[in-house]
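File shown here: work.tsv, holding TSV, C-alpha atoms.
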```
chain	number	residue	atom	x	y	z
A	24	MET	CA	57.47	38.21	51.10
A	25	GLY	CA	60.22	38.65	48.48
A	26	GLY	CA	59.81	35.03	47.36
A	27	THR	CA	56.07	35.43	47.05
A	28	ARG	CA	56.56	38.59	44.95
A	29	ALA	CA	58.95	36.74	42.64
A	30	VAL	CA	56.52	33.81	42.25
A	31	PHE	CA	53.63	36.19	41.56
A	32	LEU	CA	55.52	38.24	38.97
A	33	CYS	CA	56.82	35.09	37.32
A	34	LEU	CA	53.33	33.60	37.17
A	35	LEU	CA	51.85	36.75	35.74
A	36	VAL	CA	54.51	37.14	33.09
A	37	CYS	CA	54.58	33.44	32.17
A	38	LEU	CA	50.90	32.63	32.34
A	39	LEU	CA	49.37	35.73	30.80
A	40	PRO	CA	51.23	36.46	27.58
A	41	ALA	CA	49.64	39.46	25.87
A	42	PRO	CA	48.75	37.61	22.63
A	43	ALA	CA	47.01	34.83	24.58
A	44	LEU	CA	44.35	37.12	26.04
A	45	ALA	CA	42.19	39.75	24.48
A	46	ALA	CA	41.39	42.73	26.68
A	47	PRO	CA	38.09	42.18	28.45
A	48	SER	CA	35.01	43.79	27.06
A	49	PRO	CA	33.78	46.54	29.38
A	50	SER	CA	30.33	44.96	29.24
A	51	ARG	CA	31.48	41.40	29.90
A	52	LEU	CA	30.55	41.49	33.59
A	53	ARG	CA	28.26	44.50	33.34
A	54	ASP	CA	25.22	42.50	34.42
A	55	ALA	CA	26.90	41.16	37.55
A	56	PRO	CA	24.96	41.56	40.78
A	57	ALA	CA	25.49	44.68	42.85
A	58	PHE	CA	28.60	44.51	45.00
A	59	ASP	CA	29.51	45.69	48.45
A	60	SER	CA	31.99	48.49	47.80
A	61	SER	CA	32.85	48.73	51.49
A	62	THR	CA	34.57	45.32	51.40
A	63	LEU	CA	36.74	46.35	48.46
A	64	SER	CA	37.46	49.68	50.16
A	65	ARG	CA	38.58	47.94	53.37
A	66	ILE	CA	40.87	45.59	51.44
A	67	ALA	CA	42.31	48.47	49.38
A	68	GLY	CA	42.86	50.60	52.50
A	69	TRP	CA	44.62	47.72	54.25
A	70	LEU	CA	46.89	47.16	51.26
A	71	LYS	CA	47.74	50.84	50.97
A	72	ARG	CA	48.56	50.95	54.68
A	73	ASP	CA	50.14	47.51	55.28
A	74	GLY	CA	50.87	46.14	51.81
A	75	ARG	CA	54.35	45.47	50.50
A	76	GLU	CA	55.85	47.18	47.49
A	77	GLY	CA	55.17	45.33	44.25
A	78	TRP	CA	54.66	45.72	40.54
A	79	LEU	CA	52.35	44.61	37.78
A	80	GLY	CA	53.87	43.98	34.35
A	81	ALA	CA	52.57	45.95	31.35
A	82	ASP	CA	51.74	42.77	29.45
A	83	VAL	CA	49.54	41.56	32.30
A	84	ALA	CA	47.90	44.97	32.71
A	85	ASP	CA	47.10	44.99	28.99
A	86	ALA	CA	45.79	41.43	29.07
A	87	VAL	CA	43.34	42.07	31.89
A	88	GLY	CA	42.31	45.55	30.76
A	89	ILE	CA	44.12	47.75	33.28
A	90	PRO	CA	44.91	51.05	31.53
A	91	ARG	CA	48.50	52.28	31.37
A	92	LEU	CA	50.68	54.68	29.42
A	93	ALA	CA	52.62	53.21	26.49
A	94	THR	CA	55.86	54.16	28.25
A	95	GLU	CA	55.02	52.22	31.44
A	96	ASP	CA	56.58	48.76	31.62
A	97	LEU	CA	55.59	48.23	35.24
A	98	LEU	CA	52.72	49.58	37.31
A	99	GLU	CA	53.50	50.17	40.97
A	100	ALA	CA	51.27	48.33	43.41
A	101	ARG	CA	50.91	47.50	47.08
A	102	GLN	CA	50.39	43.79	47.69
A	103	ARG	CA	49.99	41.00	50.17
A	104	GLY	CA	50.16	37.26	49.70
A	105	PHE	CA	49.24	34.19	51.72
A	106	ARG	CA	49.76	30.49	51.19
A	107	ASP	CA	47.76	27.69	52.72
A	108	ASP	CA	47.24	24.02	51.85
A	109	GLU	CA	44.82	24.90	49.04
A	110	ALA	CA	46.37	27.88	47.27
A	111	LEU	CA	48.75	30.79	47.03
A	112	ARG	CA	46.69	33.99	47.10
A	113	ILE	CA	47.97	37.45	46.22
A	114	VAL	CA	46.07	40.71	46.00
A	115	GLN	CA	47.38	43.99	44.61
A	116	VAL	CA	46.04	47.54	44.64
A	117	SER	CA	47.45	50.33	42.51
A	118	ALA	CA	50.01	52.46	44.31
A	119	ASP	CA	49.08	55.27	41.90
A	120	GLU	CA	46.00	57.11	43.16
A	121	ARG	CA	45.04	57.93	39.55
A	122	ARG	CA	44.34	54.25	38.90
A	123	ASP	CA	41.45	52.28	40.32
A	124	PHE	CA	42.21	48.56	40.31
A	125	LEU	CA	42.59	45.61	42.58
A	126	LEU	CA	44.00	42.39	41.13
A	127	PHE	CA	43.37	39.12	42.96
A	128	MET	CA	45.39	36.02	41.99
A	129	VAL	CA	44.76	32.48	43.24
A	130	GLN	CA	47.17	29.68	42.32
A	131	ARG	CA	45.57	26.34	43.19
A	132	THR	CA	47.49	23.15	43.93
A	133	ASP	CA	46.03	21.58	40.76
A	134	GLY	CA	47.98	24.12	38.68
A	135	ARG	CA	45.07	26.39	37.76
A	136	VAL	CA	45.56	30.11	38.34
A	137	PHE	CA	42.56	32.41	38.72
A	138	PHE	CA	42.69	36.19	38.21
A	139	TYR	CA	39.99	38.67	39.27
A	140	VAL	CA	40.22	42.33	38.27
A	141	ALA	CA	38.08	44.77	40.25
A	142	SER	CA	37.69	48.49	40.78
A	143	LEU	CA	36.45	50.37	43.82
A	144	ARG	CA	33.83	52.13	41.69
A	145	GLU	CA	32.63	49.20	39.59
A	146	GLY	CA	33.37	46.01	41.49
A	147	LEU	CA	34.36	42.92	39.50
A	148	LYS	CA	35.43	43.87	35.98
A	149	GLY	CA	36.95	40.62	34.69
A	150	ALA	CA	37.82	37.08	35.75
A	151	TYR	CA	40.14	34.57	34.08
A	152	VAL	CA	41.60	31.13	34.62
A	153	SER	CA	44.93	29.88	33.35
A	154	SER	CA	45.31	26.14	32.93
A	155	SER	CA	47.83	24.16	30.89
A	156	GLY	CA	49.08	27.35	29.25
A	157	THR	CA	45.63	28.50	28.13
A	158	VAL	CA	43.95	31.56	29.60
A	159	THR	CA	40.18	31.87	29.32
A	160	PRO	CA	37.58	34.22	30.78
A	161	LEU	CA	35.23	32.80	33.39
A	162	ASP	CA	31.51	33.08	32.77
A	163	ARG	CA	29.68	35.76	34.74
A	164	ILE	CA	27.98	33.50	37.30
A	165	GLU	CA	31.11	31.45	38.03
A	166	ALA	CA	33.24	34.60	38.16
A	167	GLU	CA	30.96	36.41	40.61
A	168	ALA	CA	30.69	33.41	42.96
A	169	ALA	CA	34.46	32.84	42.99
A	170	PHE	CA	35.15	36.55	43.42
A	171	GLN	CA	32.83	36.70	46.43
A	172	ARG	CA	34.77	33.79	48.00
A	173	GLU	CA	38.03	35.72	47.47
A	174	LEU	CA	36.55	38.85	49.02
A	175	ARG	CA	35.53	36.84	52.09
A	176	PHE	CA	39.04	35.35	52.33
A	177	TRP	CA	40.73	38.76	52.16
A	178	GLU	CA	38.18	40.42	54.41
A	179	GLY	CA	39.09	37.80	57.02
A	180	ARG	CA	42.75	38.70	56.64
A	181	VAL	CA	42.02	42.39	57.05
A	182	ALA	CA	39.99	41.68	60.20
A	183	VAL	CA	42.89	39.85	61.93
A	184	ARG	CA	45.39	42.65	61.30
```
Structure rendered as structure tokens:
Amino acid sequence: MGGTRAVFLCLLVCLLPAPALAAPSPSRLRDAPAFDSSTLSRIAGWLKRDGREGWLGADVADAVGIPRLATEDLLEARQRGFRDDEALRIVQVSADERRDFLLFMVQRTDGRVFFYVASLREGLKGAYVSSSGTVTPLDRIEAEAAFQRELRFWEGRVAVR
């Protein structure tokens, strides 16, 4: 898992430079369909129980709208990652109970990297794709559909544990 953590941190730091992304607007995905909070809760519970120690860089947190103190360079997280023929997938949940975020990352074999930021209370809050050094937000419909696929993937992982 150490190699996966290093790849994930490297991807986050390299692919999401703070100036390249504006923080997401709180209303950007406000009109998204209702979500099933129980799925997110199961994934978060599994990560808190069985996840590995990890971190989220301040620049990435700022870029995707995860609040932090100015003095925090890293946010502690619990994480899991899986690789298959299609992608490397990593999900993180805050290790700090005062924060409410899950960050899903999907690195595809074509070089694109997708990021989905969610909260247990609000569901999907933001979705981005990084390709050829450019990071752009996904539109609401595409973001919601892709996020639901990720939830199904991770829910399957939780079920086999």
Neighbouring residues of Glu95 of chain A were defined as those with any atom within 9 Å, considering all atoms listed in the file; residues of the same chain fewer than 4 positions away were excluded. Please report them as a PyMOL selection string. chain A and resi 80-81+91
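Put simply, atom CA of Ala141 of chain A is 11.4 Å away from atom CA of Gln171 of chain A.
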Near Arg135 of chain A, counting only C-alpha atoms, which residues have an atom at most 9 Å away, once you skip same-chain residues fewer than 5 positions from it, shown as a list in words? Val129, Gln130, Val152, Ser153, Ser154 and Ser155 of chain A
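Compared by their closest atoms to Phe170 of chain A, and using all atoms listed in the file, the residues A:Gly156, A:Phe137, A:Arg144, A:Arg121 rank with A:Phe137 nearest.
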Please compute the atom CA of Asp59 of chain A-atom CA of Phe138 of chain A distance, one decimal, in Å. 19.2 Å
Between atom CA of Ser61 of chain A and atom CA of Val181 of chain A lies a distance of 12.5 Å
Expected residue set, 6 Å radius at (50.1, 40.0, 48.4), all atoms listed in the file, as a PyMOL selection string: chain A and resi 102-104+113-114
Step by step: start from the point (45.0, 44.4, 57.0) in the file's coordinates, keep every protein, DNA or RNA residue that has an atom no farther than 10 Å from it, count all atoms listed in the file, and write the set as JSON, numbers by chain. {"A": [65, 66, 67, 68, 69, 70, 71, 72, 73, 74, 103, 177, 178, 179, 180, 181, 182, 183, 184]}
With only C-alpha atoms as the counted atoms, please give the residues lying no more than 8 Å from Ser142 of chain A, apart from itself and same-chain residues fewer than 6 positions off, as a ChimeraX atom specification. /A:123-125,148
